[in-house]
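Colleague: Sharing upload.cif (mmCIF, C-alpha atoms) below.
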```
data_target
loop_
_atom_site.label_atom_id
_atom_site.label_comp_id
_atom_site.auth_asym_id
_atom_site.auth_seq_id
_atom_site.Cartn_x
_atom_site.Cartn_y
_atom_site.Cartn_z
CA MET A 30 -42.57 132.93 19.15
CA ALA A 31 -41.65 136.06 17.21
CA LYS A 32 -42.01 138.07 20.36
CA LEU A 33 -39.50 135.88 22.19
CA ALA A 34 -37.03 136.02 19.29
CA LYS A 35 -37.25 139.80 19.30
CA GLN A 36 -36.87 139.89 23.08
CA LYS A 37 -33.90 137.52 23.02
CA ALA A 38 -32.04 139.82 20.64
CA LYS A 39 -32.30 142.49 23.33
CA HIS A 40 -31.56 139.92 26.06
CA ILE A 41 -34.28 138.08 27.91
CA LEU A 42 -33.31 139.61 31.25
CA SER A 43 -34.67 143.07 31.97
CA ASP A 44 -33.19 145.65 34.34
CA GLU A 45 -36.02 144.86 36.75
CA SER A 46 -35.20 141.16 36.51
CA LEU A 47 -31.53 141.75 37.32
CA GLY A 48 -32.48 144.00 40.22
CA PHE A 49 -34.61 141.21 41.66
CA LEU A 50 -31.78 138.73 41.13
CA ARG A 51 -29.36 140.92 43.09
CA ASN A 52 -31.78 141.29 46.02
CA TYR A 53 -32.71 137.62 45.93
CA ILE A 54 -29.10 136.42 46.04
CA ASN A 55 -28.11 138.86 48.77
CA ASN A 56 -31.00 137.77 51.00
CA PRO A 57 -30.19 134.86 53.37
CA SER A 58 -32.41 131.81 52.91
CA PRO A 59 -30.81 128.93 54.88
CA VAL A 60 -32.15 125.38 55.03
CA GLY A 61 -35.28 125.29 57.17
CA PHE A 62 -35.43 129.09 57.41
CA GLU A 63 -36.27 130.07 53.83
CA SER A 64 -39.22 132.37 54.61
CA SER A 65 -37.64 135.74 53.84
CA GLY A 66 -36.33 134.56 50.48
CA GLN A 67 -39.67 132.97 49.63
CA LYS A 68 -41.47 136.25 50.37
CA LEU A 69 -39.20 138.08 47.91
CA TRP A 70 -39.73 135.39 45.29
CA LEU A 71 -43.51 135.36 45.61
CA GLN A 72 -43.66 139.15 45.48
CA TYR A 73 -41.78 139.09 42.17
CA LEU A 74 -43.74 136.13 40.75
CA LYS A 75 -47.31 137.16 41.60
CA PRO A 76 -47.89 139.53 38.62
CA PHE A 77 -47.12 136.65 36.23
CA VAL A 78 -49.37 133.92 37.69
CA GLN A 79 -53.05 133.53 38.52
CA SER A 80 -52.69 132.32 42.10
CA THR A 81 -50.13 131.13 44.65
CA PHE A 82 -49.90 128.98 47.73
CA VAL A 83 -47.29 127.98 50.33
CA ASP A 84 -47.13 124.54 51.91
CA PRO A 85 -46.61 123.93 55.66
CA TYR A 86 -42.79 123.87 55.41
CA GLY A 87 -42.48 126.90 53.15
CA THR A 88 -42.34 125.62 49.57
CA ALA A 89 -43.86 128.38 47.42
CA VAL A 90 -45.94 127.70 44.30
CA GLY A 91 -47.34 129.93 41.57
CA MET A 92 -50.08 128.55 39.32
CA ILE A 93 -51.33 129.22 35.80
CA ASN A 94 -54.48 127.53 34.51
CA GLN A 95 -54.64 125.48 37.68
CA LYS A 96 -58.08 124.00 36.94
CA ALA A 97 -56.63 121.90 34.12
CA ASN A 98 -56.39 118.17 34.76
CA PHE A 99 -52.96 117.78 33.13
CA LYS A 100 -50.26 119.33 35.34
CA VAL A 101 -46.72 120.41 34.49
CA VAL A 102 -44.20 121.54 37.10
CA ILE A 103 -41.12 123.70 36.60
CA GLU A 104 -39.08 123.57 39.80
CA ALA A 105 -36.03 124.88 41.62
CA HIS A 106 -34.99 124.91 45.28
CA ALA A 107 -34.87 127.97 47.49
CA ASP A 108 -32.57 126.97 50.34
CA GLU A 109 -28.85 127.52 50.84
CA ILE A 110 -26.20 125.80 52.94
CA SER A 111 -25.56 127.29 56.36
CA TRP A 112 -24.45 126.62 59.94
CA PHE A 113 -26.19 126.22 63.31
CA VAL A 114 -24.84 127.71 66.54
CA ASN A 115 -24.26 124.55 68.58
CA TYR A 116 -22.31 125.72 71.65
CA ILE A 117 -21.56 129.08 73.27
CA THR A 118 -18.38 129.21 75.34
CA PRO A 119 -18.08 131.10 78.65
CA GLU A 120 -15.80 133.51 76.72
CA GLY A 121 -18.57 134.32 74.20
CA LEU A 122 -17.31 132.34 71.20
CA LEU A 123 -19.72 130.32 69.06
CA TYR A 124 -19.07 126.77 67.89
CA LEU A 125 -21.11 125.40 65.04
CA LYS A 126 -22.78 122.43 63.38
CA ARG A 127 -23.41 122.06 59.64
CA ASN A 128 -26.86 122.76 58.18
CA GLY A 129 -26.47 121.18 54.75
CA GLY A 130 -23.21 120.53 52.87
CA VAL A 131 -21.34 123.66 53.90
CA ASP A 132 -17.59 123.64 53.16
CA HIS A 133 -15.56 124.08 56.36
CA GLN A 134 -12.32 124.70 54.48
CA ILE A 135 -13.44 128.09 53.15
CA ALA A 136 -14.65 129.35 56.53
CA PRO A 137 -11.57 130.94 58.22
CA GLY A 138 -11.64 134.72 57.89
CA GLN A 139 -15.17 134.83 56.44
CA ARG A 140 -17.77 137.35 57.56
CA VAL A 141 -21.16 135.93 58.48
CA LEU A 142 -24.66 136.89 59.57
CA VAL A 143 -26.20 135.17 62.59
CA MET A 144 -30.00 135.03 62.67
CA GLY A 145 -30.73 135.92 66.29
CA ARG A 146 -34.00 136.57 68.11
CA LYS A 147 -33.43 140.34 67.83
CA GLY A 148 -32.39 140.30 64.17
CA MET A 149 -29.18 139.79 62.22
CA VAL A 150 -25.91 139.84 64.17
CA LYS A 151 -22.60 140.30 62.34
CA ALA A 152 -19.75 137.94 63.20
CA VAL A 153 -16.55 136.51 61.77
CA PHE A 154 -14.91 133.12 61.63
CA GLY A 155 -11.91 133.80 63.84
CA TRP A 156 -8.64 132.13 62.85
CA PRO A 157 -5.25 132.53 64.57
CA ALA A 158 -2.53 134.42 62.72
CA ILE A 159 -0.18 132.36 60.54
CA HIS A 160 2.69 133.19 62.92
CA THR A 161 0.95 131.33 65.75
CA ARG A 162 -0.46 128.27 64.02
CA ILE A 163 2.77 126.29 63.62
CA ALA A 164 4.11 125.14 66.98
CA SER A 165 7.42 123.83 65.64
CA THR A 166 9.10 122.70 62.45
CA ASP A 167 8.02 119.15 63.23
CA THR A 168 4.34 120.02 63.62
CA LYS A 169 1.98 120.21 60.67
CA GLU A 170 -0.01 123.40 60.33
CA THR A 171 -3.51 123.23 61.83
CA GLN A 172 -6.22 122.70 59.23
CA PRO A 173 -9.78 124.04 59.53
CA LYS A 174 -12.25 121.43 60.82
CA VAL A 175 -15.80 121.81 62.05
CA GLU A 176 -14.62 121.17 65.60
CA ASN A 177 -11.98 123.94 65.59
CA LEU A 178 -13.94 126.64 63.75
CA PHE A 179 -15.58 129.31 65.87
CA LEU A 180 -17.40 132.62 65.45
CA ASP A 181 -16.54 135.88 67.17
CA CYS A 182 -19.42 138.37 67.28
CA GLY A 183 -17.71 140.88 69.57
CA ALA A 184 -19.14 139.44 72.77
CA ARG A 185 -16.67 138.49 75.50
CA ASN A 186 -18.89 136.26 77.60
CA ARG A 187 -22.02 134.16 77.23
CA LYS A 188 -24.26 136.85 78.73
CA GLU A 189 -23.21 139.38 76.07
CA VAL A 190 -23.97 136.81 73.37
CA GLU A 191 -27.45 136.28 74.78
CA GLU A 192 -28.03 140.03 74.98
CA LEU A 193 -27.44 140.18 71.21
CA GLY A 194 -30.24 137.65 70.74
CA VAL A 195 -27.92 134.85 69.65
CA HIS A 196 -28.77 131.40 70.99
CA VAL A 197 -28.08 127.72 70.41
CA GLY A 198 -29.95 126.98 67.17
CA SER A 199 -29.32 130.38 65.59
CA VAL A 200 -28.62 129.94 61.89
CA VAL A 201 -25.48 131.37 60.28
CA THR A 202 -24.97 132.33 56.64
CA TYR A 203 -22.02 133.86 54.85
CA GLN A 204 -22.27 137.61 54.30
CA GLU A 205 -20.76 137.96 50.81
CA GLY A 206 -23.33 138.65 48.11
CA TYR A 207 -23.97 139.33 44.45
CA ASP A 208 -21.38 140.97 42.20
CA GLU A 209 -20.45 141.14 38.52
CA LEU A 210 -17.13 140.29 36.92
CA ALA A 211 -15.74 140.83 33.43
CA ASN A 212 -17.17 139.09 30.36
CA ASN A 213 -20.71 138.62 31.76
CA TYR A 214 -19.73 136.45 34.73
CA LEU A 215 -21.73 136.83 37.95
CA ILE A 216 -20.70 135.76 41.44
CA GLY A 217 -22.48 135.33 44.74
CA ARG A 218 -23.30 132.89 47.47
CA ALA A 219 -26.40 130.73 47.04
CA PHE A 220 -26.56 130.69 43.26
CA ASP A 221 -27.06 127.03 44.24
CA ASN A 222 -29.92 127.15 43.69
CA ARG A 223 -31.45 130.59 44.01
CA ILE A 224 -30.53 131.04 40.35
CA GLY A 225 -33.03 128.27 39.61
CA GLY A 226 -35.79 130.10 41.45
CA PHE A 227 -34.92 133.21 39.47
CA MET A 228 -35.02 131.36 36.15
CA ILE A 229 -38.39 129.68 36.68
CA ALA A 230 -39.84 133.06 37.69
CA GLU A 231 -38.46 134.50 34.44
CA VAL A 232 -40.13 131.68 32.48
CA ALA A 233 -43.43 132.66 34.12
CA ARG A 234 -42.75 136.31 33.19
CA LEU A 235 -42.22 135.40 29.53
CA ILE A 236 -45.42 133.35 29.45
CA SER A 237 -47.34 136.25 30.96
CA ASN A 238 -45.77 139.00 28.84
CA ASN A 239 -46.23 137.02 25.62
CA LYS A 240 -49.84 136.18 26.57
CA ILE A 241 -49.33 132.45 26.07
CA LYS A 242 -52.40 130.26 26.60
CA LEU A 243 -51.16 126.94 27.91
CA PRO A 244 -53.15 123.74 27.26
CA TYR A 245 -52.34 122.45 30.76
CA GLY A 246 -51.90 123.66 34.31
CA LEU A 247 -48.44 125.07 35.03
CA TYR A 248 -47.04 125.02 38.56
CA ILE A 249 -43.95 127.14 39.23
CA VAL A 250 -42.43 125.54 42.33
CA ASN A 251 -39.67 126.93 44.57
CA ALA A 252 -39.02 124.11 47.02
CA VAL A 253 -37.38 124.19 50.45
CA GLN A 254 -34.89 121.84 52.12
CA GLU A 255 -33.18 120.38 49.06
CA GLU A 256 -29.75 120.67 50.66
CA ILE A 257 -30.58 118.17 53.39
CA GLY A 258 -32.27 115.45 51.34
CA LEU A 259 -34.70 116.85 48.72
CA ARG A 260 -37.38 117.09 51.41
CA GLY A 261 -39.39 120.04 50.11
CA ALA A 262 -39.70 118.50 46.65
CA GLU A 263 -40.76 115.22 48.18
CA MET A 264 -43.65 116.90 50.00
CA ILE A 265 -44.85 119.12 47.16
CA ALA A 266 -44.68 116.37 44.53
CA ARG A 267 -47.14 114.31 46.59
CA ARG A 268 -49.43 117.33 46.92
CA ILE A 269 -49.48 118.50 43.29
CA LYS A 270 -49.27 115.06 41.64
CA PRO A 271 -47.84 116.43 38.37
CA ASN A 272 -47.88 114.62 35.04
CA VAL A 273 -44.55 116.13 33.94
CA ALA A 274 -41.75 117.83 35.90
CA ILE A 275 -38.93 120.02 34.57
CA ILE A 276 -36.31 120.56 37.27
CA THR A 277 -33.56 123.15 37.12
CA ASP A 278 -30.48 123.18 39.33
CA VAL A 279 -26.77 123.91 39.09
CA THR A 280 -24.05 121.53 37.95
CA HIS A 281 -20.26 121.67 38.17
CA ASP A 282 -18.16 123.59 35.68
CA THR A 283 -15.38 121.03 35.27
CA SER A 284 -12.91 123.27 33.41
CA THR A 285 -11.19 124.59 36.55
CA PRO A 286 -8.20 123.02 38.34
CA MET A 287 -8.75 120.16 40.81
CA VAL A 288 -11.83 118.79 39.02
CA ASN A 289 -11.55 115.43 37.27
CA LYS A 290 -13.39 115.41 33.93
CA ILE A 291 -13.13 111.62 33.80
CA ILE A 292 -15.43 111.54 36.83
CA GLU A 293 -17.46 114.75 36.48
CA GLY A 294 -17.71 115.07 32.68
CA ASP A 295 -16.85 118.00 30.43
CA ILE A 296 -19.02 121.03 31.29
CA ALA A 297 -18.09 124.72 31.17
CA CYS A 298 -19.74 128.04 31.93
CA GLY A 299 -20.74 130.06 28.88
CA LYS A 300 -21.48 127.04 26.68
CA GLY A 301 -25.16 126.60 27.45
CA PRO A 302 -27.35 124.62 29.85
CA SER A 303 -26.48 121.04 30.70
CA LEU A 304 -28.79 118.06 30.21
CA ALA A 305 -28.24 114.77 32.00
CA TYR A 306 -28.72 111.08 31.27
CA GLY A 307 -29.64 109.00 34.32
CA PRO A 308 -32.25 106.58 35.69
CA ALA A 309 -34.49 109.31 37.13
CA VAL A 310 -34.37 111.34 33.90
CA HIS A 311 -37.18 110.27 31.58
CA ASN A 312 -35.61 109.40 28.23
CA LYS A 313 -38.49 110.50 26.02
CA LEU A 314 -38.86 113.79 27.84
CA LEU A 315 -35.10 114.31 27.61
CA HIS A 316 -35.21 113.68 23.85
CA LEU A 317 -38.04 116.21 23.54
CA VAL A 318 -35.91 118.84 25.30
CA GLN A 319 -32.94 117.97 23.09
CA ASP A 320 -35.10 118.37 19.98
CA VAL A 321 -36.29 121.76 21.21
CA ALA A 322 -32.67 122.83 21.77
CA VAL A 323 -31.73 121.84 18.22
CA LYS A 324 -34.79 123.51 16.68
CA LYS A 325 -34.27 126.76 18.60
CA LYS A 326 -30.48 126.72 18.22
CA ILE A 327 -29.88 126.65 21.98
CA PRO A 328 -26.48 125.10 22.82
CA VAL A 329 -26.57 122.30 25.39
CA GLN A 330 -23.90 120.22 27.13
CA MET A 331 -24.47 116.58 27.99
CA ARG A 332 -23.40 114.71 31.09
CA THR A 333 -24.34 111.55 32.98
CA VAL A 334 -25.39 110.79 36.53
CA SER A 335 -25.27 107.45 38.30
CA ARG A 336 -27.79 106.07 40.78
CA SER A 337 -29.39 109.48 41.35
CA THR A 338 -29.18 113.02 40.06
CA GLY A 339 -28.65 114.42 43.56
CA THR A 340 -31.34 116.99 42.76
CA ASP A 341 -35.08 117.39 43.25
CA THR A 342 -35.51 115.48 39.97
CA ASP A 343 -35.30 112.28 42.02
CA SER A 344 -38.18 113.30 44.31
CA PHE A 345 -40.49 114.16 41.42
CA ALA A 346 -39.55 111.20 39.22
CA TYR A 347 -40.36 108.61 41.89
CA ALA A 348 -43.34 110.34 43.52
CA ASN A 349 -46.87 108.99 43.43
CA ASP A 350 -47.23 106.64 40.42
CA GLY A 351 -44.10 108.01 38.76
CA CYS A 352 -43.72 111.36 37.00
CA PRO A 353 -41.73 111.83 33.76
CA SER A 354 -39.02 114.26 34.84
CA VAL A 355 -36.07 115.98 33.21
CA LEU A 356 -33.15 117.95 34.65
CA ILE A 357 -31.93 121.16 33.01
CA SER A 358 -28.83 122.39 34.83
CA ILE A 359 -26.79 125.56 34.63
CA PRO A 360 -22.98 125.28 34.87
CA LEU A 361 -21.52 126.74 38.06
CA ARG A 362 -17.98 127.27 39.28
CA TYR A 363 -16.94 127.03 42.95
CA MET A 364 -20.14 125.43 44.28
CA HIS A 365 -20.85 125.78 48.00
CA THR A 366 -18.48 128.73 48.39
CA THR A 367 -19.13 132.46 48.75
CA VAL A 368 -17.99 133.08 45.16
CA GLU A 369 -20.17 130.73 43.16
CA MET A 370 -19.78 131.86 39.55
CA LEU A 371 -21.97 131.52 36.46
CA HIS A 372 -22.39 133.15 33.06
CA ARG A 373 -25.23 135.42 32.01
CA ASP A 374 -25.56 133.70 28.61
CA ASP A 375 -26.22 130.38 30.34
CA ILE A 376 -28.95 131.98 32.45
CA GLU A 377 -30.74 133.33 29.38
CA GLN A 378 -30.35 130.11 27.39
CA THR A 379 -31.62 127.98 30.27
CA ILE A 380 -34.67 130.24 30.61
CA GLN A 381 -35.26 130.03 26.87
CA LEU A 382 -34.91 126.23 26.82
CA MET A 383 -37.48 125.80 29.61
CA TYR A 384 -39.84 128.29 27.96
CA GLU A 385 -39.66 126.68 24.53
CA THR A 386 -40.08 123.21 26.05
CA LEU A 387 -43.27 124.35 27.77
CA LEU A 388 -44.59 125.67 24.45
CA THR A 389 -43.88 122.28 22.85
CA LEU A 390 -45.51 120.12 25.54
CA THR A 391 -49.21 119.25 25.41
CA PRO A 392 -51.40 116.78 27.32
CA ASN A 393 -51.19 114.60 24.20
CA THR A 394 -47.37 114.47 24.11
CA ASN A 395 -46.51 110.77 24.00
CA LEU A 396 -44.11 109.98 26.84
CA ASN A 397 -44.88 106.26 27.00
CA TYR A 398 -41.85 103.98 26.79
CA LEU A 399 -43.80 101.09 25.25
#
```
Could you express the structure from this file as structure tokens?

Modeller:
Amino acid sequence: MAKLAKQKAKHILSDESLGFLRNYINNPSPVGFESSGQKLWLQYLKPFVQSTFVDPYGTAVGMINQKANFKVVIEAHADEISWFVNYITPEGLLYLKRNGGVDHQIAPGQRVLVMGRKGMVKAVFGWPAIHTRIASTDTKETQPKVENLFLDCGARNRKEVEELGVHVGSVVTYQEGYDELANNYLIGRAFDNRIGGFMIAEVARLISNNKIKLPYGLYIVNAVQEEIGLRGAEMIARRIKPNVAIITDVTHDTSTPMVNKIIEGDIACGKGPSLAYGPAVHNKLLHLVQDVAVKKKIPVQMRTVSRSTGTDTDSFAYANDGCPSVLISIPLRYMHTTVEMLHRDDIEQTIQLMYETLLTLTPNTNLNYL
């Protein structure tokens, strides 16, 4: 414990950690095609765990003390929203279909990477000049829709597109990557939820560096295909059959314009991780995490969810015979854009909260409701 306190004073995140984060965020990892990101993650994680495995659809898992009967999972998801090439015109333009909840309104003028058979192909979302988009004073300006968005990769016919290795089914991700702003704010695409994968890897690093002997098996899980229905978590929860699951994901910073706090709650970047009340969140496990936060002086922000959390928490909570699960979220601005923004203090405090919770848990922790 003293070691962590000393380390926290110097910041939990090391230069090596931040270098990994930059590379991890900049690397495309779209839904269903997460392999390259998972390779980077496993390469970083392996020194801190005893063994690893990857399931048939690409969910990656690191294990500590895996022979123990009692199993605890810390989990994030590895995938990011993206597009599919759906139609190639005779003139060489590419029309698209969503792969996950990608926001069509931010697309015009964006630079993208197309995953072709011969490697990455650069392209742009073409959009007519403002002078040409209004036909008359009586006509409303054209708005971006999935059906009128197209990519231009420099090809001028279908044959030139095919020569680049681009085909129907090629996956498209936005090009913009990691950067740093003033006052410890970070931006990038795919912080939802590559930041979660980064944080659970950092928890494993702290356990390893501080030579912690856990009284249970710990599974560090980076799941695939969350953005299209929590599918990776669903598969891996059935395989591992954990006794406890701690899920980390992003949640909305509601302090910006156009967000209704009455609906979304009052959450802001820089004020600590967010905990949630909801049916899938196990109340006794949530109270344990809250007690840890108070004891360790970690600020937390509370919110509520309705029928579901909308995160992998739901898959773990209702898997097998039921698994006590809790959601620890990090506030994020501008979700599902190329400039997702979060605060470094929240990253470190979320890592610390997960770490300290793991040190508090034992196989004898009473999580029974009755």

Colleague: Applying the PyMOL selection byres ((chain A and resi 270-276) around 6) to the file I just gave you, which residues come out? Please list them as a PyMOL selection string.

Modeller: chain A and resi 100-104+266-269+277+342+352-356

Colleague: Taking 6 positions as the minimum chain separation for residues in the same chain, which residues sit within 9 Å of Gln95 (chain A) when counting all atoms listed in the file? Answer as an NGL selection string.

Modeller: :A and (79-80 or 245-248)

Colleague: Can I get the residues of region 114-140 of chain A within 7 Å of region 175-191 of chain A, each with the closest pair of atoms and their distance in Å to one decimal, using only C-alpha atoms, sorted chain first then ascending number, as a Markdown table?

Modeller:
```
| residue | atom | partner | partner_atom | distance |
| --- | --- | --- | --- | --- |
| A:Ile117 | CA | A:Arg187 | CA | 6.5 |
| A:Thr118 | CA | A:Arg187 | CA | 6.4 |
| A:Pro119 | CA | A:Arg187 | CA | 5.2 |
| A:Glu120 | CA | A:Asn186 | CA | 4.2 |
| A:Gly121 | CA | A:Asn186 | CA | 3.9 |
| A:Leu122 | CA | A:Asp181 | CA | 5.4 |
| A:Leu123 | CA | A:Leu180 | CA | 4.9 |
| A:Tyr124 | CA | A:Phe179 | CA | 4.8 |
| A:Leu125 | CA | A:Phe179 | CA | 6.8 |
| A:His133 | CA | A:Val175 | CA | 6.1 |
```

Colleague: Can you tell me, as number ranges by chain, what residues are no more than 7 Å from Ala89 (chain A) when counting all atoms listed in the file, ignoring any on the same chain fewer than 4 positions away?

Modeller: A: 67, 82-84, 250-252

Colleague: By how many Å are CA of Leu193 (chain A) and CA of Trp112 (chain A) apart?

Modeller: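 A separation of 17.9 Å between them.
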
Colleague: Between CA of Glu231 (chain A) and CA of Ala105 (chain A), what is the distance, to one decimal in Å?

Modeller: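 Separation between CA of Glu231 (chain A) and CA of Ala105 (chain A): 12.2 Å.
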
Colleague: Using the chain letters and residue numbers of this document, give as a count of residues only the residues selected by the PyMOL selection byres ((chain A and resi 52-55) around 9).

Modeller: 22

Colleague: Set the distance at 9 Å and use only C-alpha atoms: which residues neighbour Glu293 (chain A) once local chain neighbours fewer than 2 positions away are removed? I'd like the list as a list in words.

Modeller: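 With the cut-off at 9 Å, the set is His281, Asp282, Thr283, Val288, Asn289, Lys290, Ile291, Asp295, Ile296, Arg332, Thr333 and Val334 of chain A.
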
Colleague: Per residue of region 260-377 of chain A within 12 Å of region 139-153 of chain A, note the shortest atom pair and the distance in Å to one decimal, counting all atoms listed in the file, and order the rows by chain and increasing residue number, as a tab-separated table.

Modeller:
```
residue	atom	partner	partner_atom	distance
A:Thr366	CA	A:Gln139	CA	10.6
A:Thr367	CA	A:Gln139	CA	9.0
A:Val368	CA	A:Gln139	CA	11.8
```

Colleague: Hey, can you check how far CA of Pro59 (chain A) sits from CA of Phe154 (chain A)?

Modeller: 17.8 Å

Colleague: Exactly which residues make up the result of the PyMOL selection byres ((chain A and resi 374-377) around 6) on this file, given as a PDB file with C-alpha atoms, in the frame of the given file?

Modeller:
```pdb
ATOM      1  CA  GLY A 299     -20.740 130.060  28.880  1.00  0.00           C
ATOM      2  CA  GLY A 301     -25.160 126.600  27.450  1.00  0.00           C
ATOM      3  CA  PRO A 302     -27.350 124.620  29.850  1.00  0.00           C
ATOM      4  CA  HIS A 372     -22.390 133.150  33.060  1.00  0.00           C
ATOM      5  CA  ARG A 373     -25.230 135.420  32.010  1.00  0.00           C
ATOM      6  CA  GLN A 378     -30.350 130.110  27.390  1.00  0.00           C
ATOM      7  CA  THR A 379     -31.620 127.980  30.270  1.00  0.00           C
ATOM      8  CA  ILE A 380     -34.670 130.240  30.610  1.00  0.00           C
TER       9      ILE A 380
END
```

Colleague: Of the candidates A:Ala136, A:Val323, A:Ala107, A:Ala346, which shows the shortest atom-to-atom distance to Pro308 (chain A), using all atoms listed in the file?

Modeller: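 Looking at the shortest contact to Pro308 (chain A), the residue is A:Ala346.
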
Colleague: Might you pull out every residue within 8 Å of Leu304 (chain A), with all atoms listed in the file counted and same-chain residues fewer than 2 positions away left off, and present them as a list in words?

Modeller: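 Non-adjacent residues within range: Pro302, Tyr306, Leu315, Val329, Gln330, Met331, Arg332, Leu356, Ile357 and Ser358 of chain A.
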
Colleague: Using all atoms listed in the file, which residue out of A:Val232, A:Leu259, A:Ile135, A:Val78 lies closest to Met92 (chain A)?

Modeller: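 Closest residue, counting all atoms listed in the file: A:Val78.
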